[in-house]
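These notes are about the structure you will find just below.
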Amino acid sequence: MAKTREYNAKSLYFSKRITTAMDGIFDYPLTVVEAPMGYGKTTAVREYLNKTDAHVLWQMVYDNSPIGFWLRFSHLFAKLSEDSSQSLLQLGLPSDSVLMQEALKIIEGTELPAQTVLVIDDYHLIESTEVNRFIELLAINEITNLHIVLTARFTELQSREELALKGYLHHITKETFEFAPKEIAEYYKACGISLKDIDADKLYSLTEGWITALYLFMLEFIAEGSYTPEKNIYKLIEKAIYTPLYEEIKDFLLTRCIFDSFTLEQAVHMWGKENTGELLSEITNKNAFVKYDSRTKSFYAHNIFTGFLKEALARKDIRYRQDLYQKAARWRLQTGDYFAARRCYYECGDFDSILSALEDDRLNFSHEKEDYLKKYIDECPKEVKARHPYALLKYALYLFAHNEKTLFAKACEEFSSVLAETFYVAWYL
C-alpha cells in the first residue's frame, strides 16, 4: 500500500450502483433504504438529494414514541402550509382508517412543490403499526409530487412485498452499499491513497465492503502508514479519532452522545460554557464523524462513533454520568418530550423526577407504549411512590386505557394504600 502526498479522508465516493439505485427515488412513491448501521445509507440519500432540484422535507426519528414522531411530522408541513401543519397536529396520529383518510386528505390538499421528497431517517426506531399503516396509505395513493424515503436498519412494513409487486415501493438493500474491491480502490484513490489490487482484495475480505470499517482503516493508514486488521472497530476509533483530541473536546463529545443528533441550542445546554460554538466548529471541521446539516440545522454523529462515545461515558464516574443525564432530562422537559425525559431520569436513577414528569405530562392513552412506565413503577422505591400519589393515579388510568386489568387492579390498590397513608399521617400531624 503506497502513500501519496496529500490525503482527504472526507472525500465521498458513491459507486455507480448506489447512484443508479438513488435515481429510483423519483420513479416510486415510496423508497425504503434498508441496511445495518454504518453502511452510509443516510449520507448517500442526503448527498444525492443535495445534487437535485428536489424540495426535501427531512425528519429524524429519535425514539420509538409515535406521538413524538407525529409532532415532528406535522411540523414539517409548516414549511409548505401552516394550515396543513396545524390540521395534522389537531388530528393527532391517526389510529384507524377514518382518521387516516382525514390525514390523507390534508396532505393531498397541500400544494407540494415539484419533486417533493419526504425523508424519514432512522425509521426503524418508531416500531409503530399505526405509522407503518399510514406510510403505506400515502404510498398507494401516489400523492402528486410526493416521494417518500425511509432509511432504516430494518423495516416492518406489513405490505412491503405487495407494495413492491404493485410498483409502489423501491427497495434499496445493504448489498447496494457494499464496496467491491475495485470500488474500494476507487474510494481510497478519491481520498489520496493508491491501493494495489492485493490490498484492495484484503480490505474487502476484512470489511466485506463496509464503508465505516474501510474509513477507519484508511484513517489509521494515514496516521501510521499501515493498517492492523486484528484491531476491532472501537479500538480503531479510539486510536485514530478519539485519543488525538484534546481533553476539552473529548469531554464535549461525551456531553452530546446521549443524543443521536443535536442542535446548537442542545449543545449549549449540555456543555454549559461560552465556547460551545468554537468546539462545534472544531469537531465538524476536523472530524468526519460529526457533520452539520444546514437543512435541519442539526449536528449528526456517525452511529458507530456515538456507540463508542457511549462506551466511554459508561466508564466515567457515576456522578459524572448522572449529571449529564439530568441535563439531558431537563432539555427534554423544556421541549415537552416527557417520554424521553423519563428515560433520561431513569438512566441516573432519579425516580422522584420520573414520577414528577409523569404528573406533568398529558399522556396520550391511545398511542404511547406503557412498557417503560411498567418498568419505572415496578422499580420505584415505595417511599418515592408515597410522595407522588397523583403519578400513581395517572399510571392506573394509563393501564385501564390499555386494558391491563390485572395491573390496573394492582395499581389501584397501591394508589389507595398510599392515599390512605397520606391522610393518616396528615390527620395525626
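A note on labels: chains of the C-alpha cells are A, B, ... as shown, every chain counts residues from 1, and ligands are counted from 1 in their shown order.
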Neighbour list for A:Val32 as an NGL selection string, cut-off 6 Å, only C-alpha atoms, skip fewer than 3 positions in-chain
:A and (149-150 or 171)
The selected residues should be written to file as a tab-separated table (two decimals), in the first residue's frame (atoms: N, CA and C atoms).
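So the final result, stored in part.tsv, reads:
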chain	number	residue	atom	x	y	z
A	149	VAL	N	-39.04	8.61	1.34
A	149	VAL	CA	-37.84	7.78	1.51
A	149	VAL	C	-37.71	7.43	2.99
A	150	LEU	N	-37.64	6.15	3.28
A	150	LEU	CA	-37.39	5.67	4.64
A	150	LEU	C	-35.98	5.10	4.69
A	171	HIS	N	-37.02	-0.73	-3.26
A	171	HIS	CA	-36.29	-1.25	-2.10
A	171	HIS	C	-34.79	-1.26	-2.39
For the structure I just gave you, how does DSSP split stretch 178-362 of chain A - specifically, which residues are helix (DSSP H, G or I)? Reply as JSON, numbers by chain.
{"A": [181, 182, 183, 184, 185, 186, 187, 188, 189, 190, 197, 198, 199, 200, 201, 202, 203, 204, 205, 206, 207, 211, 212, 213, 214, 215, 216, 217, 218, 219, 220, 221, 222, 223, 224, 233, 234, 235, 236, 237, 238, 239, 240, 241, 242, 247, 248, 249, 250, 251, 252, 253, 254, 255, 256, 264, 265, 266, 267, 268, 269, 270, 271, 276, 277, 278, 279, 280, 281, 282, 283, 284, 285, 286, 303, 304, 305, 306, 307, 308, 309, 310, 311, 312, 313, 314, 318, 319, 320, 321, 322, 323, 324, 325, 326, 327, 328, 329, 330, 331, 332, 333, 334, 338, 339, 340, 341, 342, 343, 344, 345, 346, 347, 351, 352, 353, 354, 355, 356, 357, 358, 359, 360]}
Please list as a ChimeraX atom specification every residue within 7 Å of stretch 235-248 of chain A, counting only C-alpha atoms and excluding residues in the same chain fewer than 6 positions away.
/A:216,219-220
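If you look at atom CA of A:Tyr234 and atom CA of A:Ile304, they are 8.1 Å away from each other.
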Dump as JSON lines the rows for residues of stretch 108-174 of chain A within 7 Å of stretch 64-78 of chain A: closest atom pair and distance in Å with one decimal, only C-alpha atoms counted, ordered by chain and rising residue number.
{"residue": "A:Leu125", "atom": "CA", "partner": "A:Asn64", "partner_atom": "CA", "distance": 5.1}
{"residue": "A:Ile126", "atom": "CA", "partner": "A:Asn64", "partner_atom": "CA", "distance": 4.1}
{"residue": "A:Glu127", "atom": "CA", "partner": "A:Asn64", "partner_atom": "CA", "distance": 6.1}
{"residue": "A:Ser128", "atom": "CA", "partner": "A:Pro66", "partner_atom": "CA", "distance": 6.5}
Residues as selected, C-alpha atoms, written as a tab-separated table (two decimals), in the first residue's frame, can you do that?
chain	number	residue	atom	x	y	z
A	125	LEU	CA	-36.78	3.35	15.79
A	126	ILE	CA	-40.51	4.02	15.56
A	127	GLU	CA	-41.83	0.44	15.79
A	128	SER	CA	-45.43	1.63	15.36
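If you measure from each of A:Ile318, A:Lys382, A:Asp122, A:Leu253 to A:Tyr62 using only C-alpha atoms, the closest one turns out to be A:Asp122.
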For atom CA of A:Lys316 and atom CA of A:Ser353, quote the distance in Å rounded to one decimal.
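One can read the atom CA of A:Lys316 to atom CA of A:Ser353 distance as 22.6 Å.
Candidate residues A:Tyr292, A:Tyr39, A:Tyr300, A:Tyr7 were compared for distance to A:Trp210, and the nearest is A:Tyr39, using only C-alpha atoms.
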Which of these residues is nearest to A:Ile143, using only C-alpha atoms: A:Tyr372, A:Phe259, A:Trp331, A:Tyr28?
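Ranked by minimum distance to A:Ile143, first place goes to A:Tyr28.
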Residue with smallest distance to A:Val119 - pool A:Val56, A:Leu254, A:Ile193, A:Leu373, counting only C-alpha atoms
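Closest candidate: A:Val56.
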Pick from A:Leu137, A:Ala152, A:Ala301, A:Ala340: nearest to A:Ile172, with only C-alpha atoms counted?
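Under the stated criterion, the closest residue is A:Ala152.
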Name all residues at most 12 Å from A:Pro36 (count only C-alpha atoms; drop same-chain ones fewer than 6 positions away) and give them as a compact mmCIF listing (two decimals) with N, CA and C atoms, in the first residue's frame.
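Full text of selection_27.txt as output:
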# COMPACT_ATOMS: atom_id res chain seq x y z
N THR A 42 -27.77 6.99 5.03
CA THR A 42 -28.23 8.37 5.23
C THR A 42 -27.39 9.35 4.43
N ASP A 122 -33.74 6.95 10.09
CA ASP A 122 -33.76 6.03 11.24
C ASP A 122 -35.19 5.59 11.56
N HIS A 124 -36.50 2.80 11.63
CA HIS A 124 -36.63 1.56 12.42
C HIS A 124 -36.90 1.84 13.91
N THR A 151 -35.14 5.62 5.57
CA THR A 151 -33.84 4.99 5.81
C THR A 151 -33.93 4.26 7.13
N ALA A 152 -33.48 3.02 7.16
CA ALA A 152 -33.68 2.21 8.37
C ALA A 152 -32.70 1.04 8.38
N ARG A 153 -32.41 0.55 9.58
CA ARG A 153 -31.64 -0.69 9.70
C ARG A 153 -32.51 -1.88 9.33
N PHE A 154 -33.81 -1.73 9.60
CA PHE A 154 -34.77 -2.75 9.21
C PHE A 154 -36.14 -2.09 9.20
N THR A 155 -37.07 -2.67 8.48
CA THR A 155 -38.44 -2.16 8.47
C THR A 155 -39.40 -3.31 8.69
N THR A 173 -31.21 -2.18 -0.74
CA THR A 173 -30.74 -3.03 0.36
C THR A 173 -29.24 -2.84 0.65
N LYS A 174 -28.78 -3.53 1.65
CA LYS A 174 -27.39 -3.46 2.09
C LYS A 174 -26.42 -3.74 0.97
N GLU A 175 -26.76 -4.68 0.11
CA GLU A 175 -25.84 -5.07 -0.97
C GLU A 175 -25.51 -3.90 -1.88
N THR A 176 -26.41 -2.96 -2.01
CA THR A 176 -26.17 -1.79 -2.85
C THR A 176 -25.01 -0.97 -2.32
N PHE A 177 -24.84 -0.95 -1.01
CA PHE A 177 -23.84 -0.08 -0.37
C PHE A 177 -22.50 -0.77 -0.14
N GLU A 178 -22.43 -2.06 -0.37
CA GLU A 178 -21.17 -2.77 -0.16
C GLU A 178 -20.20 -2.51 -1.31
N TRP A 210 -17.83 -2.86 3.95
CA TRP A 210 -18.49 -1.99 4.91
C TRP A 210 -17.74 -0.66 4.98
N ILE A 211 -18.42 0.42 4.60
CA ILE A 211 -17.77 1.71 4.43
C ILE A 211 -17.17 2.24 5.73
N THR A 212 -17.82 2.02 6.85
CA THR A 212 -17.30 2.53 8.12
C THR A 212 -15.95 1.91 8.46
N ASN A 303 -23.28 6.69 13.73
CA ASN A 303 -23.78 5.77 14.75
C ASN A 303 -22.67 5.03 15.48
N ILE A 304 -21.67 4.59 14.74
CA ILE A 304 -20.62 3.79 15.37
C ILE A 304 -19.76 4.67 16.28
So how far away is atom CA of A:Ile106 from atom CA of A:Gly167, in Å?
24.3 Å
Residues near A:Tyr187, cut-off 12 Å, only C-alpha atoms, skip fewer than 3 positions along chain, as a PDB file with N, CA and C atoms, in the first residue's frame:
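File written: result_11.pdb
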ATOM      1  N   TYR A   7      -3.764  13.787   1.492  1.00  0.00           N
ATOM      2  CA  TYR A   7      -4.917  12.946   1.781  1.00  0.00           C
ATOM      3  C   TYR A   7      -6.140  13.822   2.062  1.00  0.00           C
ATOM      4  N   ASN A   8      -7.285  13.289   1.760  1.00  0.00           N
ATOM      5  CA  ASN A   8      -8.538  13.958   2.097  1.00  0.00           C
ATOM      6  C   ASN A   8      -9.538  12.892   2.524  1.00  0.00           C
ATOM      7  N   ALA A   9      -9.497  12.567   3.813  1.00  0.00           N
ATOM      8  CA  ALA A   9     -10.340  11.486   4.324  1.00  0.00           C
ATOM      9  C   ALA A   9     -11.823  11.816   4.266  1.00  0.00           C
ATOM     10  N   LYS A  10     -12.150  13.096   4.052  1.00  0.00           N
ATOM     11  CA  LYS A  10     -13.553  13.484   3.998  1.00  0.00           C
ATOM     12  C   LYS A  10     -14.166  13.301   2.607  1.00  0.00           C
ATOM     13  N   SER A  11     -13.362  12.932   1.647  1.00  0.00           N
ATOM     14  CA  SER A  11     -13.896  12.737   0.299  1.00  0.00           C
ATOM     15  C   SER A  11     -14.971  11.654   0.299  1.00  0.00           C
ATOM     16  N   LEU A  12     -16.041  11.936  -0.419  1.00  0.00           N
ATOM     17  CA  LEU A  12     -17.128  10.961  -0.525  1.00  0.00           C
ATOM     18  C   LEU A  12     -17.052  10.268  -1.878  1.00  0.00           C
ATOM     19  N   TYR A  13     -17.340   8.987  -1.839  1.00  0.00           N
ATOM     20  CA  TYR A  13     -17.344   8.207  -3.082  1.00  0.00           C
ATOM     21  C   TYR A  13     -18.622   7.378  -3.129  1.00  0.00           C
ATOM     22  N   PHE A  14     -19.315   7.480  -4.252  1.00  0.00           N
ATOM     23  CA  PHE A  14     -20.525   6.690  -4.444  1.00  0.00           C
ATOM     24  C   PHE A  14     -20.384   5.893  -5.739  1.00  0.00           C
ATOM     25  N   SER A  15     -20.534   4.603  -5.614  1.00  0.00           N
ATOM     26  CA  SER A  15     -20.417   3.756  -6.795  1.00  0.00           C
ATOM     27  C   SER A  15     -21.569   4.032  -7.757  1.00  0.00           C
ATOM     28  N   GLU A 178     -22.431  -2.057  -0.370  1.00  0.00           N
ATOM     29  CA  GLU A 178     -21.171  -2.770  -0.158  1.00  0.00           C
ATOM     30  C   GLU A 178     -20.204  -2.505  -1.307  1.00  0.00           C
ATOM     31  N   PHE A 179     -18.991  -2.111  -0.958  1.00  0.00           N
ATOM     32  CA  PHE A 179     -17.978  -1.822  -1.973  1.00  0.00           C
ATOM     33  C   PHE A 179     -17.266  -3.100  -2.407  1.00  0.00           C
ATOM     34  N   ALA A 180     -17.197  -3.324  -3.706  1.00  0.00           N
ATOM     35  CA  ALA A 180     -16.375  -4.401  -4.258  1.00  0.00           C
ATOM     36  C   ALA A 180     -14.922  -3.946  -4.230  1.00  0.00           C
ATOM     37  N   PRO A 181     -13.972  -4.865  -4.388  1.00  0.00           N
ATOM     38  CA  PRO A 181     -12.555  -4.478  -4.333  1.00  0.00           C
ATOM     39  C   PRO A 181     -12.195  -3.309  -5.244  1.00  0.00           C
ATOM     40  N   LYS A 182     -12.697  -3.292  -6.476  1.00  0.00           N
ATOM     41  CA  LYS A 182     -12.374  -2.180  -7.376  1.00  0.00           C
ATOM     42  C   LYS A 182     -12.955  -0.865  -6.864  1.00  0.00           C
ATOM     43  N   GLU A 183     -14.118  -0.947  -6.248  1.00  0.00           N
ATOM     44  CA  GLU A 183     -14.737   0.261  -5.704  1.00  0.00           C
ATOM     45  C   GLU A 183     -13.990   0.747  -4.460  1.00  0.00           C
ATOM     46  N   ILE A 184     -13.451  -0.186  -3.693  1.00  0.00           N
ATOM     47  CA  ILE A 184     -12.621   0.195  -2.547  1.00  0.00           C
ATOM     48  C   ILE A 184     -11.404   0.969  -3.037  1.00  0.00           C
ATOM     49  N   ALA A 190      -9.868   8.419  -4.289  1.00  0.00           N
ATOM     50  CA  ALA A 190     -10.517   9.718  -4.124  1.00  0.00           C
ATOM     51  C   ALA A 190     -10.031  10.427  -2.864  1.00  0.00           C
ATOM     52  N   CYS A 191      -9.557   9.643  -1.896  1.00  0.00           N
ATOM     53  CA  CYS A 191      -9.055  10.207  -0.644  1.00  0.00           C
ATOM     54  C   CYS A 191      -7.536  10.394  -0.662  1.00  0.00           C
ATOM     55  N   GLY A 192      -6.898  10.054  -1.778  1.00  0.00           N
ATOM     56  CA  GLY A 192      -5.461  10.292  -1.923  1.00  0.00           C
ATOM     57  C   GLY A 192      -4.580   9.103  -1.629  1.00  0.00           C
ATOM     58  N   ILE A 193      -5.121   7.896  -1.642  1.00  0.00           N
ATOM     59  CA  ILE A 193      -4.331   6.691  -1.357  1.00  0.00           C
ATOM     60  C   ILE A 193      -4.429   5.725  -2.532  1.00  0.00           C
ATOM     61  N   SER A 194      -3.284   5.306  -3.019  1.00  0.00           N
ATOM     62  CA  SER A 194      -3.247   4.330  -4.111  1.00  0.00           C
ATOM     63  C   SER A 194      -3.148   2.920  -3.532  1.00  0.00           C
ATOM     64  N   LEU A 195      -4.059   2.073  -3.932  1.00  0.00           N
ATOM     65  CA  LEU A 195      -4.083   0.693  -3.453  1.00  0.00           C
ATOM     66  C   LEU A 195      -3.668  -0.267  -4.558  1.00  0.00           C
ATOM     67  N   ALA A 200      -6.550  -4.108  -1.965  1.00  0.00           N
ATOM     68  CA  ALA A 200      -7.999  -3.896  -2.086  1.00  0.00           C
ATOM     69  C   ALA A 200      -8.741  -5.196  -1.787  1.00  0.00           C
ATOM     70  N   GLY A 209     -16.736  -4.855   2.363  1.00  0.00           N
ATOM     71  CA  GLY A 209     -17.215  -3.639   1.720  1.00  0.00           C
ATOM     72  C   GLY A 209     -17.928  -2.676   2.631  1.00  0.00           C
ATOM     73  N   ILE A 211     -18.418   0.416   4.597  1.00  0.00           N
ATOM     74  CA  ILE A 211     -17.767   1.706   4.429  1.00  0.00           C
ATOM     75  C   ILE A 211     -17.169   2.238   5.726  1.00  0.00           C
ATOM     76  N   LEU A 214     -13.885   0.524   6.350  1.00  0.00           N
ATOM     77  CA  LEU A 214     -12.921   0.990   5.347  1.00  0.00           C
ATOM     78  C   LEU A 214     -12.395   2.371   5.700  1.00  0.00           C
ATOM     79  N   TYR A 215     -13.284   3.216   6.160  1.00  0.00           N
ATOM     80  CA  TYR A 215     -12.898   4.576   6.538  1.00  0.00           C
ATOM     81  C   TYR A 215     -11.940   4.550   7.724  1.00  0.00           C
ATOM     82  N   MET A 218      -8.573   3.375   6.743  1.00  0.00           N
ATOM     83  CA  MET A 218      -7.887   4.422   5.999  1.00  0.00           C
ATOM     84  C   MET A 218      -7.286   5.471   6.935  1.00  0.00           C
TER      85      MET A 218
END
As a ChimeraX atom specification, please: the residues near stretch 412-416 of chain A (cut-off 8 Å, only C-alpha atoms, same-chain neighbours under 2 positions excluded).
/A:389,392-393,396,408-410,418-420
